[in-house]
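Coordinates as given in upload.cif (mmCIF, C-alpha atoms):
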data_my_file
#
loop_
_atom_site.label_atom_id
_atom_site.label_comp_id
_atom_site.auth_asym_id
_atom_site.auth_seq_id
_atom_site.Cartn_x
_atom_site.Cartn_y
_atom_site.Cartn_z
CA ALA A 1 8.12 9.78 -10.82
CA ASP A 2 10.61 7.98 -8.58
CA ALA A 3 7.89 6.40 -6.42
CA VAL A 4 4.20 5.54 -6.59
CA LEU A 5 1.46 5.50 -3.95
CA ILE A 6 -1.71 3.51 -4.69
CA LEU A 7 -4.28 5.10 -2.36
CA LEU A 8 -7.73 3.55 -1.80
CA HIS A 9 -10.72 5.64 -0.73
CA GLY A 10 -13.25 4.72 1.93
CA PHE A 11 -16.68 3.11 1.78
CA GLY A 12 -19.14 5.01 -0.43
CA ASP A 13 -16.50 7.36 -1.85
CA SER A 14 -14.64 7.39 -5.18
CA GLY A 15 -11.11 8.01 -6.37
CA ASP A 16 -12.07 11.45 -7.67
CA GLY A 17 -13.80 12.36 -4.42
CA PHE A 18 -10.83 11.24 -2.38
CA ILE A 19 -8.47 13.44 -4.41
CA SER A 20 -10.33 16.56 -3.29
CA GLN A 21 -10.37 15.36 0.33
CA MET A 22 -6.80 14.23 0.81
CA GLY A 23 -4.96 13.96 -2.47
CA GLY A 24 -3.85 17.57 -2.94
CA PRO A 25 -1.01 17.65 -0.40
CA LEU A 26 0.22 14.25 -1.59
CA ILE A 27 0.02 14.88 -5.33
CA THR A 28 2.36 17.86 -4.95
CA GLN A 29 5.07 15.78 -3.27
CA PRO A 30 8.17 15.79 -5.52
CA GLY A 31 9.11 12.45 -7.01
CA LEU A 32 5.78 10.82 -6.12
CA ARG A 33 2.87 9.84 -8.34
CA VAL A 34 -0.41 8.96 -6.60
CA VAL A 35 -2.93 6.54 -8.12
CA PHE A 36 -6.54 6.95 -6.91
CA PRO A 37 -8.57 3.90 -8.06
CA SER A 38 -12.34 3.68 -7.53
CA ALA A 39 -14.16 0.76 -5.93
CA PRO A 40 -16.96 -1.02 -7.79
CA ARG A 41 -20.55 -0.17 -6.91
CA THR A 42 -22.79 -2.70 -5.21
CA GLN A 43 -26.28 -2.85 -3.68
CA ILE A 44 -26.27 -2.45 0.10
CA GLY A 45 -29.49 -1.70 1.94
CA GLY A 46 -31.26 -1.27 -1.39
CA PHE A 47 -28.94 1.50 -2.56
CA PRO A 48 -25.94 1.43 -4.92
CA VAL A 49 -22.75 2.33 -3.07
CA SER A 50 -19.07 1.90 -3.78
CA SER A 51 -17.38 -0.78 -1.70
CA TRP A 52 -14.01 -2.49 -1.86
CA LEU A 53 -15.42 -5.42 0.10
CA SER A 54 -17.93 -8.00 -1.13
CA LEU A 55 -20.64 -7.51 1.49
CA SER A 56 -24.10 -8.93 2.05
CA PRO A 57 -26.99 -6.48 1.47
CA GLY A 58 -27.83 -6.15 5.17
CA VAL A 59 -24.31 -5.75 6.53
CA ASN A 60 -23.78 -3.48 9.53
CA PRO A 61 -20.64 -1.51 10.49
CA ALA A 62 -19.61 -4.01 13.17
CA GLN A 63 -19.69 -6.85 10.65
CA MET A 64 -17.75 -4.78 8.12
CA MET A 65 -14.99 -4.15 10.67
CA ARG A 66 -14.45 -7.91 10.99
CA ALA A 67 -14.41 -8.67 7.25
CA GLY A 68 -11.70 -11.05 6.16
CA GLY A 69 -10.02 -12.65 3.20
CA SER A 70 -13.16 -13.82 1.42
CA GLU A 71 -14.77 -10.37 1.44
CA ALA A 72 -11.54 -8.61 0.44
CA ARG A 73 -10.16 -11.14 -2.06
CA SER A 74 -11.39 -9.47 -5.24
CA ALA A 75 -10.12 -6.04 -4.17
CA VAL A 76 -6.78 -7.45 -3.01
CA ASP A 77 -6.30 -9.17 -6.37
CA TYR A 78 -7.11 -5.88 -8.11
CA VAL A 79 -4.53 -3.97 -6.05
CA HIS A 80 -1.92 -6.63 -6.82
CA GLU A 81 -2.59 -6.07 -10.52
CA LEU A 82 -2.16 -2.32 -10.06
CA ILE A 83 1.19 -2.94 -8.38
CA ARG A 84 2.30 -5.24 -11.20
CA ARG A 85 1.28 -2.61 -13.72
CA GLU A 86 3.56 -0.08 -12.04
CA ILE A 87 6.45 -2.56 -11.92
CA ALA A 88 5.94 -3.24 -15.64
CA ARG A 89 6.27 0.51 -16.22
CA GLY A 90 9.71 0.39 -14.62
CA VAL A 91 8.91 1.50 -11.06
CA PRO A 92 10.89 -0.59 -8.54
CA SER A 93 8.65 -2.57 -6.20
CA SER A 94 10.55 -1.04 -3.29
CA ALA A 95 9.40 2.40 -4.49
CA ILE A 96 5.71 1.43 -4.46
CA ALA A 97 3.51 2.01 -1.42
CA VAL A 98 -0.10 0.92 -0.93
CA GLY A 99 -2.41 2.92 1.32
CA GLY A 100 -6.05 3.28 2.14
CA PHE A 101 -8.54 5.23 4.20
CA SER A 102 -11.20 3.49 6.33
CA GLN A 103 -12.51 0.47 4.38
CA GLY A 104 -9.82 1.09 1.78
CA GLY A 105 -7.22 0.77 4.52
CA LEU A 106 -8.27 -2.79 5.33
CA VAL A 107 -7.78 -3.74 1.67
CA ALA A 108 -4.49 -1.84 1.41
CA VAL A 109 -3.03 -3.59 4.45
CA ARG A 110 -4.09 -7.05 3.26
CA ALA A 111 -2.95 -6.38 -0.30
CA GLY A 112 0.38 -4.99 0.86
CA LEU A 113 1.14 -7.83 3.26
CA SER A 114 0.21 -10.53 0.75
CA PHE A 115 1.91 -9.23 -2.41
CA PRO A 116 4.14 -12.20 -3.33
CA ASP A 117 6.28 -10.93 -6.21
CA ALA A 118 8.80 -8.62 -4.53
CA PRO A 119 9.24 -6.40 -1.43
CA LEU A 120 7.11 -3.25 -1.38
CA GLY A 121 8.21 0.13 -0.12
CA GLY A 122 5.47 0.56 2.44
CA VAL A 123 1.85 0.34 3.56
CA LEU A 124 -0.30 3.21 4.87
CA ALA A 125 -3.31 2.44 7.07
CA LEU A 126 -5.40 5.58 7.60
CA SER A 127 -8.35 5.72 10.01
CA THR A 128 -8.99 2.06 9.34
CA PHE A 129 -9.62 -1.38 10.85
CA PHE A 130 -7.90 -4.73 10.41
CA GLY A 131 -10.89 -7.02 9.96
CA ALA A 132 -10.68 -10.74 10.71
CA GLU A 133 -7.90 -11.96 12.98
CA GLU A 134 -5.81 -13.66 10.31
CA ALA A 135 -4.31 -12.38 7.06
CA THR A 136 -2.03 -13.76 4.37
CA VAL A 137 1.58 -12.62 4.66
CA ALA A 138 3.97 -13.15 1.73
CA ALA A 139 7.60 -13.97 2.41
CA ALA A 140 8.60 -10.94 0.33
CA GLN A 141 6.94 -8.60 2.87
CA ARG A 142 8.55 -9.90 6.04
CA SER A 143 10.28 -6.55 6.67
CA VAL A 144 7.77 -4.16 5.10
CA ARG A 145 7.31 -0.64 6.52
CA VAL A 146 3.78 0.03 7.84
CA GLN A 147 2.48 3.39 9.04
CA VAL A 148 -0.85 3.43 10.92
CA CYS A 149 -2.56 6.81 11.46
CA HIS A 150 -5.79 7.39 13.40
CA GLY A 151 -7.76 10.26 14.88
CA GLU A 152 -8.38 10.21 18.61
CA ALA A 153 -11.83 11.75 18.04
CA ASP A 154 -12.88 9.30 15.31
CA GLY A 155 -16.56 8.51 15.88
CA VAL A 156 -16.88 6.21 12.86
CA VAL A 157 -13.91 3.88 13.31
CA PRO A 158 -12.84 3.90 16.98
CA LEU A 159 -9.24 4.60 17.88
CA ALA A 160 -9.01 1.07 19.29
CA GLU A 161 -9.47 -0.31 15.77
CA GLY A 162 -6.46 1.62 14.53
CA GLN A 163 -4.43 0.39 17.49
CA ARG A 164 -5.56 -3.14 16.61
CA VAL A 165 -4.21 -2.71 13.06
CA ALA A 166 -0.75 -1.96 14.42
CA GLU A 167 -1.01 -4.81 16.94
CA ARG A 168 -2.14 -7.43 14.40
CA VAL A 169 0.47 -6.45 11.81
CA GLY A 170 3.15 -6.59 14.49
CA ARG A 171 2.07 -10.09 15.51
CA LEU A 172 1.65 -11.45 11.98
CA VAL A 173 4.82 -9.83 10.61
CA PRO A 174 7.36 -9.66 13.46
CA GLY A 175 10.02 -8.24 11.14
CA ALA A 176 7.84 -5.39 9.89
CA ALA A 177 8.69 -1.80 10.82
CA VAL A 178 5.31 -0.72 12.24
CA SER A 179 4.63 2.78 13.52
CA PHE A 180 1.39 4.08 15.04
CA CYS A 181 0.45 7.76 15.13
CA SER A 182 -2.71 9.19 16.73
CA TYR A 183 -3.97 12.76 16.49
CA PRO A 184 -5.90 14.59 19.24
CA GLY A 185 -9.12 16.15 17.96
CA MET A 186 -9.00 14.44 14.56
CA ALA A 187 -12.29 12.80 13.59
CA HIS A 188 -12.83 10.35 10.68
CA ALA A 189 -10.90 12.62 8.35
CA THR A 190 -7.40 14.02 8.15
CA CYS A 191 -5.43 16.89 9.67
CA PRO A 192 -2.24 18.82 8.86
CA GLU A 193 -0.21 16.80 11.36
CA GLU A 194 -1.25 13.53 9.73
CA VAL A 195 -0.45 14.85 6.25
CA ARG A 196 2.99 15.88 7.56
CA ASP A 197 3.62 12.35 8.87
CA ILE A 198 2.39 10.73 5.66
CA ARG A 199 4.62 12.97 3.57
CA ALA A 200 7.61 12.08 5.77
CA PHE A 201 6.86 8.37 5.37
CA LEU A 202 6.58 8.71 1.59
CA GLY A 203 9.51 11.12 1.39
CA ALA A 204 11.79 8.46 2.81
CA LEU A 205 10.49 6.14 0.09
CA VAL A 206 11.30 8.64 -2.66
CA GLU A 207 14.74 9.47 -1.27
CA ALA A 208 15.63 5.79 -0.93
CA GLU A 209 14.98 5.14 -4.58
CA ALA A 210 17.15 7.62 -6.44
CA PRO A 211 18.16 5.79 -9.63
CA PRO A 212 21.73 4.50 -9.53
CA GLU A 213 24.35 5.80 -11.90
CA ALA A 214 25.68 3.50 -14.63
CA ALA A 215 28.99 3.29 -12.76
CA ASP A 216 27.17 2.07 -9.63
CA LEU A 217 25.42 -0.67 -11.58
CA LYS A 218 28.68 -1.78 -13.18
CA ALA A 219 30.27 -2.01 -9.72
CA MET A 220 27.59 -4.36 -8.34
CA SER A 221 28.20 -8.06 -7.85
CA ALA A 222 26.14 -10.60 -9.79
CA ALA A 223 24.03 -11.30 -6.69
CA GLU A 224 23.40 -7.59 -6.13
CA LEU A 225 22.43 -7.11 -9.77
CA LYS A 226 20.02 -10.04 -9.64
CA ALA A 227 18.37 -8.65 -6.49
CA TRP A 228 18.17 -5.15 -8.00
CA LEU A 229 16.56 -6.47 -11.18
CA ARG A 230 14.19 -8.78 -9.29
CA ASP A 231 12.88 -5.85 -7.22
CA ARG A 232 11.99 -4.15 -10.49
CA GLY A 233 10.20 -7.16 -11.91
CA VAL A 234 12.91 -7.73 -14.56
CA PRO A 235 13.60 -11.38 -15.49
CA THR A 236 17.16 -12.67 -15.20
CA ALA A 237 16.79 -16.37 -16.06
CA ASP A 238 18.44 -15.81 -19.45
CA CYS A 239 21.39 -13.89 -17.97
CA PHE A 240 24.26 -16.38 -17.66
CA GLU A 241 27.15 -14.01 -17.02
CA ARG A 242 27.59 -10.92 -14.84
CA ALA A 243 28.04 -8.91 -18.02
CA ASP A 244 24.55 -10.02 -19.09
CA LEU A 245 23.14 -8.75 -15.81
CA VAL A 246 24.93 -5.40 -16.18
CA ALA A 247 23.56 -5.00 -19.70
CA ARG A 248 20.05 -5.84 -18.52
CA ALA A 249 20.30 -3.37 -15.63
CA LEU A 250 21.45 -0.58 -17.91
CA GLU A 251 18.32 -1.13 -20.04
CA VAL A 252 15.97 -0.51 -17.09
#
For the file at hand, write its structure as structure tokens.
Amino acid sequence: ADAVLILLHGFGDSGDGFISQMGGPLITQPGLRVVFPSAPRTQIGGFPVSSWLSLSPGVNPAQMMRAGGSEARSAVDYVHELIRREIARGVPSSAIAVGGFSQGGLVAVRAGLSFPDAPLGGVLALSTFFGAEEATVAAAQRSVRVQVCHGEADGVVPLAEGQRVAERVGRLVPGAAVSFCSYPGMAHATCPEEVRDIRAFLGALVEAEAPPEAADLKAMSAAELKAWLRDRGVPTADCFERADLVARALEV
């Protein structure tokens, strides 16, 4: 695949369950591979449930919607490792997007904004909430693309929470390209119009990352080659001449 989407399910769900709910239209998108990880299970209210956040047993929804770095740290670290795994497989960082639904969206946004290694291709925040006021922003993500989607009839996560996601990202990352889409009649779920917008967002990611021809690589300057290799997680410290960089790029 030319691009990868790491898509996190919501509270109490699983990667497999999320595939049946939303994954079908995305999996069929040409040039895109979707990864559906599953959250660990924890005891909340005396019952085992899957949760991306580290929550106290008696947590209520209002408290969950204001969770911050400490509650999300383990999940954010896990998503960063998933991203690094894809880069190690040869997928350019700029062709990797991170997304999430509901609770998974909070983690996806924080993981996407804080990934320090290289610029990512985008972040999807679906029917979600931002959590605590502050979040870590890596220098590499200062111009990241962020798409926020929310249903206007969402009775689980109010529309205002989705609007707050867009507002907080815009304030924390002034250079980010943030777009907010709301959908009349859509509850805490999805709809054809949202799927259309998600596919357009990811389609631009796929189209932007067509692999260059050998001739294009050979025509790049040393600085361009270094940047191209860095985005793909390829080391260049041992490349002392432009010819070394060209040879390394042709191996990718």
Counting all atoms listed in the file, which residues have an atom no more than 9 Å from (-16.4, 6.8, -7.0) in the file's coordinates? Please list them as an mmCIF file with C-alpha atoms, in the frame of the given file.
data_model
loop_
_atom_site.group_PDB
_atom_site.id
_atom_site.type_symbol
_atom_site.label_atom_id
_atom_site.label_comp_id
_atom_site.auth_asym_id
_atom_site.auth_seq_id
_atom_site.Cartn_x
_atom_site.Cartn_y
_atom_site.Cartn_z
ATOM 1 C CA HIS A 9 -10.720 5.640 -0.730
ATOM 2 C CA GLY A 12 -19.140 5.010 -0.430
ATOM 3 C CA ASP A 13 -16.500 7.360 -1.850
ATOM 4 C CA SER A 14 -14.640 7.390 -5.180
ATOM 5 C CA GLY A 15 -11.110 8.010 -6.370
ATOM 6 C CA ASP A 16 -12.070 11.450 -7.670
ATOM 7 C CA GLY A 17 -13.800 12.360 -4.420
ATOM 8 C CA PHE A 18 -10.830 11.240 -2.380
ATOM 9 C CA PRO A 37 -8.570 3.900 -8.060
ATOM 10 C CA SER A 38 -12.340 3.680 -7.530
ATOM 11 C CA ALA A 39 -14.160 0.760 -5.930
ATOM 12 C CA PRO A 40 -16.960 -1.020 -7.790
ATOM 13 C CA ARG A 41 -20.550 -0.170 -6.910
ATOM 14 C CA VAL A 49 -22.750 2.330 -3.070
ATOM 15 C CA SER A 50 -19.070 1.900 -3.780
#
Env of A:Val156: 10 Å cut, atoms = only C-alpha atoms, seq-sep filter 3 positions within chain, self excluded. Answer as a count of residues only. 9
Pick out the closest residue to A:Arg168 from this set: A:Cys191, A:Leu53, A:Val246, A:Leu113. Count all atoms listed in the file.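 The closest residue to A:Arg168 is A:Leu113.
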Output check: residues returned by the PyMOL selection byres ((chain A and resi 118) around 8), as a ChimeraX atom specification: /A:93-94,115-117,119-120,140-141,230-231,233
Keeping C-alpha atoms, export the residues of the selection given above as an mmCIF file, in the frame of the given file.
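This is the output file selection-v2.cif:
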data_model
loop_
_atom_site.group_PDB
_atom_site.id
_atom_site.type_symbol
_atom_site.label_atom_id
_atom_site.label_comp_id
_atom_site.auth_asym_id
_atom_site.auth_seq_id
_atom_site.Cartn_x
_atom_site.Cartn_y
_atom_site.Cartn_z
ATOM 1 C CA SER A 93 8.650 -2.570 -6.200
ATOM 2 C CA SER A 94 10.550 -1.040 -3.290
ATOM 3 C CA PHE A 115 1.910 -9.230 -2.410
ATOM 4 C CA PRO A 116 4.140 -12.200 -3.330
ATOM 5 C CA ASP A 117 6.280 -10.930 -6.210
ATOM 6 C CA PRO A 119 9.240 -6.400 -1.430
ATOM 7 C CA LEU A 120 7.110 -3.250 -1.380
ATOM 8 C CA ALA A 140 8.600 -10.940 0.330
ATOM 9 C CA GLN A 141 6.940 -8.600 2.870
ATOM 10 C CA ARG A 230 14.190 -8.780 -9.290
ATOM 11 C CA ASP A 231 12.880 -5.850 -7.220
ATOM 12 C CA GLY A 233 10.200 -7.160 -11.910
#
Closest to A:Gln29 among A:Arg164, A:Arg73, A:Arg196, A:Arg242, using all atoms listed in the file? A:Arg196
For the PyMOL selection byres ((chain A and resi 185) around 8), applied here, can you spell out every residue it catches as a PyMOL selection string? chain A and resi 151-153+183-184+186-187
With distances taken over all atoms listed in the file, which of A:Leu7, A:Val123, A:Val173, A:Val178 is nearest to A:Val137?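 Residue with the minimum atom-to-atom distance to A:Val137: A:Val173.
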If you count all atoms listed in the file, which residues fall within 7 Å of A:Gly68, apart from same-chain ones fewer than 2 positions away, as a list in words?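 Counting only the stated atoms, we get Arg66, Ser70, Glu71, Ala72, Gly131 and Ala132 of chain A.
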Taking into account only C-alpha atoms, which residue in the set A:Leu126, A:Leu245, A:Val79, A:Ala215 is nearest to A:Val157?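 Closest residue, counting only C-alpha atoms: A:Leu126.
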